[in-house]
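Have a look at the structure below, then the notes.
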Amino acid sequence: MADGGVRIDGNSLLLAGGVRVRFIRTLRLPETGTHALPPGLGEFPLRRVEDHPETVPAEWLARGGVMLPVYLREAMWLSFGGTTEPAALQVGAGKVCAVSGKPWSPRPARNPQNYVVLPRQPWLDGINSGKGTVRQFVAVPLGLGATVEGQVTGEEVWGGVQLQSFPLTDTALRAWREKQRRQAEEEARRRTWMASGGYGAPAPMAAPMAVPGGMPQPGGAMPAAPAAAPPRASGAMGLGVGGSMRQEVYRDERPLSDWSATASGRVFVHLVTPPEWRRITGEAPPPSPVDRAAYTRAGLPWFDYYDQDAADLDPTDELGAVKPVGDWLGDDHTPWQPPSPGQVKPLGDAPGKPVGDGDW
């Protein structure tokens with residue numbers, strides 16, 4: 001089932017149309033209060049499911065895609081840095097849209113919007129939970145009802161993360177490329193004028209902070225009564241939610257007709273416990289997450305991002321009703337030390353083999 005729609009490049013997923021997605025390890029936030037953006041602590045490794053046919057569960061082979069190792073209650077965020085052309089990207093948590101809270105859809109939709117707009121949306125740390133906030137993605141095992149999937153749908157069947165990208169239509173893409181060409185020509189003329197002695201030119205800008213990429217970096221209706229879940233593979237994980245942070249999920253300013261109704265690439269991302277990762281791949285999993293209080297005591301930065309030209313999406317009833325994983329797993333006793341004001345930094349203004357897709 002492999003095609004050219006999705007590939008692994010290092011620890012990045014490359015979806016057709018220039019979409020690049022990385023899964024970033026991060027500090028888990030307390031489940032009370034609203035916080036600054038936590039830092040990136042390195043990338044999760046990615047492996048193709050089809051490269052391990054003898055050790056992965058049969059249903060994983062049927063779904064295709066990739067897998068990554070994650071610890072219980074470990075937090076992550078999705079980085080979209082490096083995306084080259086506009087795309088509408090759907091992000092699913094157990095096939096529940098992380099933006100709208102609605103069931104997984106085969107095409108982009110509005111009212112509510114069920115995708116993020118790339119490259120305008122630089123990253124996504126969690127589900128769209130409130131005006132200007134998201135609730136952090138946190139890994140939990142299937143079977144407890146703690147996942148977003150379990151709370152919204154009443155059952156846990158899929159787990160993992162789902163990604164699906166839609167390019168601009170040919171007409172809209174030509175218009176965008178023409179606009180980019182005109183802007184590049186204007187910038188070249190401005191630079192030529194400055195080099196020839198023009199005055200009043202702005203001072204050279206410092207190189208932008210690596211966001212995201214290096215280290216450190218930033219990062220509903222009530223469910224039906226739970227139904228009996230089908231048997232699941234050992235080690236299967238899904239996404240629940242943790243603490244709240246200040247982050248906007250941007251409203252698309254384009255007409256919906258600008259986007260293709262056919263996905264250019266999609267992929268199922270399986271989340272697996274570290275012991276299962278070792279059993280399946282023979283590789284050592286990453287070390288356990290860093291202690292968040294020690295990180296803050298060391299004076300390392302947290303982040304705050306603001307884009308005054310973008311409009312935030314309203315929260316949905318489905319996602320607003322999702323409760324944090326602590327309600328299932330117990331209180332979070334990991335030490336917490338809030339960052340000082342000076343630690344919060346303002347931000348703003350070669351392909352591998354194709355990844356096989358499957359039935360999901």
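Following the order of the structure tokens, first chain is A, next is B, and so on, with residues numbered from 1 inside each chain and ligands from 1 in the order they appear.
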Show which residues sit within 8 Å of Ala62 (chain A), as a PyMOL selection string. Count only C-alpha atoms, and ignore same-chain residues fewer than 4 positions away. chain A and resi 58+358-359
Interface rows for region 79-153 of chain A against region 31-34 of chain A: nearest pair, Å to one decimal, 10 Å, only C-alpha atoms, as CSV:
```
residue,atom,partner,partner_atom,distance
A:Thr133,CA,A:Thr34,CA,8.0
A:Val134,CA,A:Thr34,CA,9.3
A:Arg135,CA,A:Glu31,CA,8.9
A:Gln136,CA,A:Glu31,CA,9.1
```
Any chance you can output those residues with N, CA, C and O atoms as a PDB file, in the first residue's frame?
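Result file follows (selection_9.pdb):
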```pdb
ATOM      1  N   THR A 133      -6.251  29.151  24.177  1.00  0.00           N
ATOM      2  CA  THR A 133      -5.559  28.110  24.927  1.00  0.00           C
ATOM      3  C   THR A 133      -5.748  26.753  24.270  1.00  0.00           C
ATOM      4  O   THR A 133      -6.689  26.525  23.515  1.00  0.00           O
ATOM      5  N   VAL A 134      -4.824  25.843  24.576  1.00  0.00           N
ATOM      6  CA  VAL A 134      -4.956  24.432  24.215  1.00  0.00           C
ATOM      7  C   VAL A 134      -4.658  23.616  25.463  1.00  0.00           C
ATOM      8  O   VAL A 134      -4.022  24.093  26.405  1.00  0.00           O
ATOM      9  N   ARG A 135      -5.143  22.351  25.485  1.00  0.00           N
ATOM     10  CA  ARG A 135      -4.813  21.410  26.552  1.00  0.00           C
ATOM     11  C   ARG A 135      -3.768  20.441  26.027  1.00  0.00           C
ATOM     12  O   ARG A 135      -3.956  19.807  24.987  1.00  0.00           O
ATOM     13  N   GLN A 136      -2.698  20.298  26.763  1.00  0.00           N
ATOM     14  CA  GLN A 136      -1.516  19.573  26.326  1.00  0.00           C
ATOM     15  C   GLN A 136      -1.799  18.109  25.975  1.00  0.00           C
ATOM     16  O   GLN A 136      -2.552  17.427  26.665  1.00  0.00           O
TER      17      GLN A 136
END
```
For a test of reading the model, state the distance in Å between CA of Gly5 (chain A) and CA of Val138 (chain A), rounded to one decimal.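 Pair CA of Gly5 (chain A) / CA of Val138 (chain A) returns 27.6 Å.
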Which one is closest to His52 (chain A): A:Arg174, A:Lys131, A:Arg20, A:Arg278? Count only C-alpha atoms.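 Selected residue with least distance to His52 (chain A): A:Arg278.
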Please identify all polymer residues within 12 Å of Asn114 (chain A), counting only C-alpha atoms, omitting same-chain residues fewer than 2 positions from it, and present them as a PyMOL selection string. chain A and resi 88-92+95-112+116-117+127-128+163-166+249-252+256+313-316
For each of A:Val355, A:Leu41, A:Leu61, A:Ala93, take the minimum atom-to-atom distance to Ser12 (chain A), counting only C-alpha atoms, then give the residue where this is smallest.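 So, comparing all the options, the nearest one is A:Val355.
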Selected residue, from A:Arg48, A:His35, A:Arg73, A:Arg182, that lies nearest to Thr281 (chain A) when counting only C-alpha atoms: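 Closest residue, counting only C-alpha atoms: A:Arg48.
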For Trp360 (chain A), which residue among A:Asp9, A:Gly282, A:Ala16, A:Gly159 is the nearest when counting only C-alpha atoms?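 Distance minimum relative to Trp360 (chain A) lands on A:Gly159.
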Determine the nearest neighbour of Val148 (chain A) from the options A:Gly94, A:Pro275, A:Gly132, A:Gly160, counting only C-alpha atoms.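 Looking at the shortest contact to Val148 (chain A), the residue is A:Gly94.
Minimum atom-to-atom distances from A:Gly65, A:Pro287, A:Pro53, A:Gly42 to Leu13 (chain A) were compared using only C-alpha atoms, and the lowest value belongs to A:Gly65.
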As a check of understanding: the span from CA of Ser79 (chain A) to CA of Glu276 (chain A) is 25.0 Å
Would you please extract all helix (DSSP H, G or I) residues from region 103-184 of chain A, as assigned by DSSP on the backbone, and give them as a PyMOL selection string? chain A and resi 148-153+170-184
In region 240-291 of chain A, what's strand (DSSP E or B) per DSSP? Answer as an mmCIF file with all heavy atoms, in the first residue's frame?
```
data_model
loop_
_atom_site.group_PDB
_atom_site.id
_atom_site.type_symbol
_atom_site.label_atom_id
_atom_site.label_comp_id
_atom_site.auth_asym_id
_atom_site.auth_seq_id
_atom_site.Cartn_x
_atom_site.Cartn_y
_atom_site.Cartn_z
ATOM 1 N N GLY A 240 -4.454 11.598 25.771
ATOM 2 C CA GLY A 240 -5.344 12.311 26.661
ATOM 3 C C GLY A 240 -4.903 13.758 26.732
ATOM 4 O O GLY A 240 -4.113 14.220 25.897
ATOM 5 N N VAL A 241 -5.404 14.499 27.711
ATOM 6 C CA VAL A 241 -5.018 15.895 27.833
ATOM 7 C C VAL A 241 -4.467 16.175 29.221
ATOM 8 O O VAL A 241 -4.840 15.542 30.210
ATOM 9 C CB VAL A 241 -6.192 16.851 27.532
ATOM 10 C CG1 VAL A 241 -6.729 16.612 26.144
ATOM 11 C CG2 VAL A 241 -7.296 16.753 28.574
ATOM 12 N N GLY A 242 -3.583 17.145 29.274
ATOM 13 C CA GLY A 242 -2.993 17.593 30.520
ATOM 14 C C GLY A 242 -3.313 19.041 30.787
ATOM 15 O O GLY A 242 -4.442 19.496 30.633
ATOM 16 N N GLY A 243 -2.298 19.809 31.148
ATOM 17 C CA GLY A 243 -2.472 21.196 31.531
ATOM 18 C C GLY A 243 -2.793 22.111 30.368
ATOM 19 O O GLY A 243 -2.625 21.770 29.195
ATOM 20 N N SER A 244 -3.242 23.304 30.711
ATOM 21 C CA SER A 244 -3.623 24.315 29.730
ATOM 22 C C SER A 244 -2.469 25.276 29.499
ATOM 23 O O SER A 244 -1.731 25.623 30.427
ATOM 24 C CB SER A 244 -4.851 25.080 30.242
ATOM 25 O OG SER A 244 -5.207 26.117 29.361
ATOM 26 N N MET A 245 -2.315 25.726 28.251
ATOM 27 C CA MET A 245 -1.274 26.710 27.931
ATOM 28 C C MET A 245 -1.818 27.730 26.960
ATOM 29 O O MET A 245 -2.813 27.514 26.271
ATOM 30 C CB MET A 245 -0.037 26.022 27.343
ATOM 31 C CG MET A 245 -0.224 25.465 25.945
ATOM 32 S SD MET A 245 1.162 24.426 25.434
ATOM 33 C CE MET A 245 0.714 22.886 26.249
ATOM 34 N N ARG A 246 -1.142 28.855 26.910
ATOM 35 C CA ARG A 246 -1.561 29.940 26.026
ATOM 36 C C ARG A 246 -1.069 29.664 24.606
ATOM 37 O O ARG A 246 0.118 29.735 24.315
ATOM 38 C CB ARG A 246 -1.004 31.278 26.542
ATOM 39 C CG ARG A 246 -1.640 31.725 27.848
ATOM 40 C CD ARG A 246 -1.085 33.051 28.324
ATOM 41 N NE ARG A 246 0.295 32.913 28.802
ATOM 42 C CZ ARG A 246 0.625 32.546 30.036
ATOM 43 N NH1 ARG A 246 -0.319 32.274 30.920
ATOM 44 N NH2 ARG A 246 1.885 32.444 30.395
ATOM 45 N N TYR A 250 -5.369 28.884 14.763
ATOM 46 C CA TYR A 250 -5.768 29.989 13.894
ATOM 47 C C TYR A 250 -6.921 29.650 12.965
ATOM 48 O O TYR A 250 -6.981 28.555 12.392
ATOM 49 C CB TYR A 250 -4.569 30.464 13.069
ATOM 50 C CG TYR A 250 -3.457 31.022 13.925
ATOM 51 C CD1 TYR A 250 -2.134 30.689 13.683
ATOM 52 C CD2 TYR A 250 -3.738 31.883 14.994
ATOM 53 C CE1 TYR A 250 -1.112 31.205 14.470
ATOM 54 C CE2 TYR A 250 -2.731 32.394 15.778
ATOM 55 C CZ TYR A 250 -1.418 32.042 15.518
ATOM 56 O OH TYR A 250 -0.415 32.540 16.301
ATOM 57 N N TRP A 259 -9.204 24.854 -1.045
ATOM 58 C CA TRP A 259 -8.533 23.607 -0.689
ATOM 59 C C TRP A 259 -9.057 22.435 -1.506
ATOM 60 O O TRP A 259 -10.251 22.327 -1.755
ATOM 61 C CB TRP A 259 -8.734 23.301 0.797
ATOM 62 C CG TRP A 259 -8.187 24.343 1.710
ATOM 63 C CD1 TRP A 259 -8.894 25.203 2.495
ATOM 64 C CD2 TRP A 259 -6.811 24.653 1.929
ATOM 65 N NE1 TRP A 259 -8.055 26.026 3.183
ATOM 66 C CE2 TRP A 259 -6.762 25.713 2.860
ATOM 67 C CE3 TRP A 259 -5.609 24.141 1.436
ATOM 68 C CZ2 TRP A 259 -5.566 26.264 3.305
ATOM 69 C CZ3 TRP A 259 -4.412 24.695 1.877
ATOM 70 C CH2 TRP A 259 -4.399 25.733 2.801
ATOM 71 N N GLY A 265 -1.780 13.351 1.246
ATOM 72 C CA GLY A 265 -1.033 12.398 2.062
ATOM 73 C C GLY A 265 -1.724 12.190 3.387
ATOM 74 O O GLY A 265 -2.340 13.106 3.928
ATOM 75 N N ARG A 266 -1.678 10.984 3.897
ATOM 76 C CA ARG A 266 -2.222 10.700 5.216
ATOM 77 C C ARG A 266 -1.388 9.606 5.855
ATOM 78 O O ARG A 266 -0.768 8.781 5.157
ATOM 79 C CB ARG A 266 -3.697 10.303 5.152
ATOM 80 C CG ARG A 266 -3.970 8.943 4.547
ATOM 81 C CD ARG A 266 -5.422 8.530 4.711
ATOM 82 N NE ARG A 266 -5.539 7.070 4.611
ATOM 83 C CZ ARG A 266 -6.526 6.364 5.123
ATOM 84 N NH1 ARG A 266 -7.508 6.972 5.771
ATOM 85 N NH2 ARG A 266 -6.568 5.054 4.989
ATOM 86 N N VAL A 267 -1.375 9.575 7.209
ATOM 87 C CA VAL A 267 -0.554 8.591 7.897
ATOM 88 C C VAL A 267 -1.124 8.328 9.282
ATOM 89 O O VAL A 267 -1.623 9.239 9.954
ATOM 90 C CB VAL A 267 0.918 9.065 7.985
ATOM 91 C CG1 VAL A 267 1.044 10.368 8.769
ATOM 92 C CG2 VAL A 267 1.811 7.989 8.575
ATOM 93 N N PHE A 268 -1.065 7.083 9.709
ATOM 94 C CA PHE A 268 -1.448 6.667 11.045
ATOM 95 C C PHE A 268 -0.172 6.554 11.876
ATOM 96 O O PHE A 268 0.757 5.832 11.503
ATOM 97 C CB PHE A 268 -2.174 5.315 10.995
ATOM 98 C CG PHE A 268 -2.976 4.999 12.223
ATOM 99 C CD1 PHE A 268 -4.361 4.959 12.170
ATOM 100 C CD2 PHE A 268 -2.352 4.722 13.427
ATOM 101 C CE1 PHE A 268 -5.115 4.654 13.305
ATOM 102 C CE2 PHE A 268 -3.087 4.427 14.560
ATOM 103 C CZ PHE A 268 -4.473 4.390 14.506
ATOM 104 N N VAL A 269 -0.124 7.277 13.003
ATOM 105 C CA VAL A 269 1.043 7.266 13.882
ATOM 106 C C VAL A 269 0.680 6.462 15.128
ATOM 107 O O VAL A 269 -0.135 6.885 15.944
ATOM 108 C CB VAL A 269 1.464 8.690 14.265
ATOM 109 C CG1 VAL A 269 2.714 8.652 15.138
ATOM 110 C CG2 VAL A 269 1.708 9.531 13.017
ATOM 111 N N HIS A 270 1.266 5.280 15.273
ATOM 112 C CA HIS A 270 1.009 4.418 16.412
ATOM 113 C C HIS A 270 1.892 4.845 17.585
ATOM 114 O O HIS A 270 3.100 5.068 17.409
ATOM 115 C CB HIS A 270 1.310 2.958 16.052
ATOM 116 C CG HIS A 270 0.553 2.455 14.874
ATOM 117 N ND1 HIS A 270 -0.656 1.800 14.973
ATOM 118 C CD2 HIS A 270 0.831 2.517 13.536
ATOM 119 C CE1 HIS A 270 -1.092 1.463 13.768
ATOM 120 N NE2 HIS A 270 -0.211 1.895 12.872
ATOM 121 N N LEU A 271 1.322 4.935 18.773
ATOM 122 C CA LEU A 271 2.064 5.247 19.987
ATOM 123 C C LEU A 271 2.271 3.955 20.765
ATOM 124 O O LEU A 271 1.322 3.207 21.013
ATOM 125 C CB LEU A 271 1.299 6.257 20.846
ATOM 126 C CG LEU A 271 0.846 7.538 20.148
ATOM 127 C CD1 LEU A 271 0.135 8.458 21.147
ATOM 128 C CD2 LEU A 271 2.012 8.262 19.491
ATOM 129 N N VAL A 272 3.497 3.698 21.172
ATOM 130 C CA VAL A 272 3.825 2.428 21.796
ATOM 131 C C VAL A 272 4.637 2.677 23.069
ATOM 132 O O VAL A 272 5.418 3.628 23.137
ATOM 133 C CB VAL A 272 4.598 1.529 20.803
ATOM 134 C CG1 VAL A 272 5.887 2.179 20.354
ATOM 135 C CG2 VAL A 272 4.877 0.156 21.391
#
```
